[in-house]
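The structure appears below as structure tokens.
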Amino acid sequence: MLLDTASLYFRAYFGVPDSVRAPDGTPVNAVRGLLDFIARLVQDHRPDDLVACWDNDWRPHWRVELIPSYKAHRVAVETEKGPDEEEVPDTLSPQVPVIIDVLDALGIARIGADGYEADDIIGTLTGRATGPVDIVTGDRDLFQLVDDARGRRVLYPLKGVGTLQVTDEAWLREKYGVDGPGYVDLALLRGDPSDGLPGVPGIGEKTAAKLLDSFGDLAGIMAAVDNPLAKLTPSQRKRLDEAREYVAVAPKVVRVASDVSLPDFDPALPSEPRDPATLDELAARWGLGGALQRLLSTLHG
């Protein structure tokens, strides 16, 4: 089981009231919410391995070089060196280091790589896996990794993590008319305002799905633009022709990396905390109480 950790702690932050606080009054709603999410996921799915995948760089420079608008609307502070600072709610930022400390004390593997997003870590670990993989994320981009033959599916939270949309190839075909790899082509044609991905003007989701159904993939669609006999409307042909520069670079931006160099680590789900003394200190300082106990008893069970 691979967790898109930031996606989940953002959901926890907005789903758990900020009246949930540490003894010193600091909000810990994201921390406790994430612990409850992990407990529920372990309880319901019993994975052998669990990795909290991390955004070491939420807006990699190599993606921005290809499409400058990529996530640009979410930049709080541009930095000369290292990742730009993301716009994050004031009361969430201080909780992220607590999440790191708690996961490390628990012994839950937390893996990131400089210059890459959590999506890329997930793509790399999914590619390496020899057995089934469940990817837990609120990011539809990861639908591209769905592969029934290899037992790879996305668990997309609809409400907390108690209600998950199990995304497999049948669901993708019914919803979008594509398979996992086809979702990359659909996403880049349609665009995604939440990621600053412009898409091809005038090509929405339904039109993109119809074009992919007619011509197979992005290469087939662009070949049709050059074929006067291909069944494209004049406006579709014009818009796609004008978008060639974008279409040439967008696949590299949208497709998750599959070859990230990662450190050696143990992905096994711990049955006991790695550092009980530190965990006790964190629980007392941050008032993690019931949420941490529920996770510990689930791991122990």
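Labels for the structure tokens follow display order: chains A, B, ..., residues from 1 in each chain, ligands from 1.
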List every residue of region 7-141 of chain A that DSSP, applied to the backbone of this structure, assigns to alpha helix (DSSP H), and report them as a short mmCIF file (atom, residue, chain, number, x, y, z; two decimals) with C-alpha atoms, in the first residue's frame.
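Result went into result.cif, see below:
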```cif
data_model
loop_
_atom_site.label_atom_id
_atom_site.label_comp_id
_atom_site.auth_asym_id
_atom_site.auth_seq_id
_atom_site.Cartn_x
_atom_site.Cartn_y
_atom_site.Cartn_z
CA SER A 7 -2.93 14.38 -0.29
CA LEU A 8 -4.11 12.51 2.81
CA TYR A 9 -2.93 14.98 5.43
CA PHE A 10 -4.52 17.86 3.49
CA ARG A 11 -7.78 15.90 3.53
CA ALA A 12 -7.37 15.21 7.24
CA TYR A 13 -6.73 18.91 7.88
CA PHE A 14 -9.91 19.98 6.11
CA GLY A 15 -11.95 17.03 7.40
CA ASN A 29 -6.17 18.02 13.39
CA ALA A 30 -4.06 16.96 10.38
CA VAL A 31 -1.79 14.78 12.55
CA ARG A 32 -4.59 12.98 14.34
CA GLY A 33 -6.71 12.75 11.20
CA LEU A 34 -3.85 11.14 9.27
CA LEU A 35 -3.21 8.62 12.08
CA ASP A 36 -6.89 7.67 12.00
CA PHE A 37 -6.74 7.38 8.19
CA ILE A 38 -3.77 4.99 8.39
CA ALA A 39 -5.43 2.94 11.15
CA ARG A 40 -8.58 2.57 9.05
CA LEU A 41 -6.63 1.64 5.91
CA VAL A 42 -4.59 -1.00 7.76
CA GLN A 43 -7.69 -2.37 9.47
CA ASP A 44 -9.71 -2.63 6.25
CA HIS A 45 -6.99 -3.76 3.81
CA HIS A 61 11.94 22.46 -11.77
CA TRP A 62 12.14 20.02 -14.69
CA ARG A 63 8.34 20.02 -14.94
CA VAL A 64 8.13 23.83 -14.65
CA GLU A 65 10.73 24.22 -17.43
CA LEU A 66 8.45 22.29 -19.76
CA GLN A 95 1.88 20.01 11.77
CA VAL A 96 3.98 18.56 8.94
CA PRO A 97 7.18 18.14 11.03
CA VAL A 98 5.06 16.45 13.73
CA ILE A 99 3.71 14.01 11.12
CA ILE A 100 7.30 13.25 10.06
CA ASP A 101 8.41 12.61 13.65
CA VAL A 102 5.42 10.39 14.44
CA LEU A 103 5.77 8.26 11.29
CA ASP A 104 9.50 7.84 11.94
CA ALA A 105 8.96 6.83 15.59
CA LEU A 106 6.26 4.38 14.53
CA ALA A 118 5.28 11.81 -4.12
CA ASP A 119 3.55 10.78 -7.38
CA ASP A 120 6.96 9.91 -8.82
CA ILE A 121 7.90 7.85 -5.76
CA ILE A 122 4.58 6.02 -6.13
CA GLY A 123 5.20 5.45 -9.84
CA THR A 124 8.67 4.05 -9.16
CA LEU A 125 7.62 1.76 -6.31
CA THR A 126 4.57 0.56 -8.26
CA GLY A 127 6.83 -0.35 -11.17
CA ARG A 128 9.18 -2.29 -8.87
#
```
> Taking only C-alpha atoms into account, which of A:Pro263, A:Asp179, A:Asp141, A:Ile108 comes nearest Leu296 (chain A)?
Replying inline: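 Using only C-alpha atoms, Leu296 (chain A) sits closest to A:Ile108.
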>> I'd like the interatomic distance between CA of Leu164 (chain A) and CA of Val254 (chain A), to a tenth of an Å.
In response: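 Between these atoms lies a distance of 23.7 Å.
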> Which residues, written as a count of residues only, have at least one atom at most 7 Å from Leu218 (chain A), with only C-alpha atoms counted and residues fewer than 3 positions away on the same chain left out?
Replying inline: 3
> Val154 (chain A): which residues within 9 Å, counting only C-alpha atoms, same-chain residues fewer than 6 positions away excluded, as a VMD selection string?
Replying inline: chain A and resid 133 to 137 140 142 to 143 145 to 146 165 to 168
Can I get the selected residues back with N, CA and C atoms, as a tab-separated table (two decimals), in the first residue's frame?
```tsv
chain	number	residue	atom	x	y	z
A	133	VAL	N	-0.70	-3.85	-5.79
A	133	VAL	CA	-0.43	-2.56	-5.17
A	133	VAL	C	-1.73	-1.77	-5.03
A	134	ASP	N	-1.98	-1.26	-3.84
A	134	ASP	CA	-3.07	-0.30	-3.62
A	134	ASP	C	-2.44	1.08	-3.41
A	135	ILE	N	-2.85	2.05	-4.22
A	135	ILE	CA	-2.36	3.42	-4.12
A	135	ILE	C	-3.49	4.25	-3.51
A	136	VAL	N	-3.22	4.90	-2.38
A	136	VAL	CA	-4.25	5.68	-1.71
A	136	VAL	C	-3.96	7.16	-1.95
A	137	THR	N	-4.84	7.82	-2.71
A	137	THR	CA	-4.60	9.21	-3.08
A	137	THR	C	-5.90	9.91	-3.43
A	140	ARG	N	-6.26	12.45	-8.95
A	140	ARG	CA	-6.67	11.62	-10.08
A	140	ARG	C	-5.54	11.31	-11.06
A	142	LEU	N	-2.94	9.87	-10.60
A	142	LEU	CA	-2.39	8.52	-10.37
A	142	LEU	C	-3.28	7.41	-10.94
A	143	PHE	N	-4.43	7.77	-11.52
A	143	PHE	CA	-5.24	6.78	-12.23
A	143	PHE	C	-4.43	6.15	-13.37
A	145	LEU	N	-1.73	4.74	-13.26
A	145	LEU	CA	-1.01	3.54	-12.82
A	145	LEU	C	-1.91	2.31	-12.68
A	146	VAL	N	-3.21	2.49	-12.89
A	146	VAL	CA	-4.15	1.36	-12.77
A	146	VAL	C	-3.82	0.30	-13.82
A	165	GLN	N	-13.33	5.02	-3.33
A	165	GLN	CA	-13.68	4.60	-4.69
A	165	GLN	C	-12.56	3.68	-5.16
A	166	VAL	N	-12.90	2.42	-5.40
A	166	VAL	CA	-11.90	1.47	-5.88
A	166	VAL	C	-11.78	1.64	-7.39
A	167	THR	N	-10.67	2.21	-7.82
A	167	THR	CA	-10.49	2.55	-9.22
A	167	THR	C	-9.69	1.47	-9.92
A	168	ASP	N	-10.37	0.70	-10.77
A	168	ASP	CA	-9.72	-0.32	-11.58
A	168	ASP	C	-10.01	0.01	-13.05
```
> Got a sec: who's within 10 Å of Asp241 (chain A), counting only C-alpha atoms, leaving out chain neighbours fewer than 6 positions off, as a PyMOL selection string?
Replying inline: chain A and resi 200+222+225-226+235+247
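Between Val51 (chain A) and the candidates A:Asp148, A:Asp264, A:Glu245, A:Asp4, the tightest atom-to-atom separation, counting only C-alpha atoms, involves A:Asp4.
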> Looking only at the backbone, which of the residues in region 4-214 of chain A does DSSP tag as strand (DSSP E), as a ChimeraX atom specification?
Replying inline: /A:4,51-53,75-77,85-86,109-111,133-136,152-159,163-167
> Counting only C-alpha atoms, what is within 10 Å of Pro270 (chain A), bar same-chain residues fewer than 4 positions away, as a list of chain:residue names?
Replying inline: A:Asp48, A:Asp49, A:Leu50, A:Leu106, A:Gly107, A:Ile108, A:Ala109, A:Asp266, A:Arg274, A:Leu296, A:Leu299, A:His300
>> At a cut-off of 10 Å, using only C-alpha atoms, what residues contact Pro251 (chain A)? Leave out same-chain residues fewer than 4 positions from it and give the result as a list in words.
In response: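 Residues meeting the cut-off are Val184, Asp185, Ala187, Leu188, Leu189, Leu218, Tyr246, Val247, Arg255 and Val256 of chain A.
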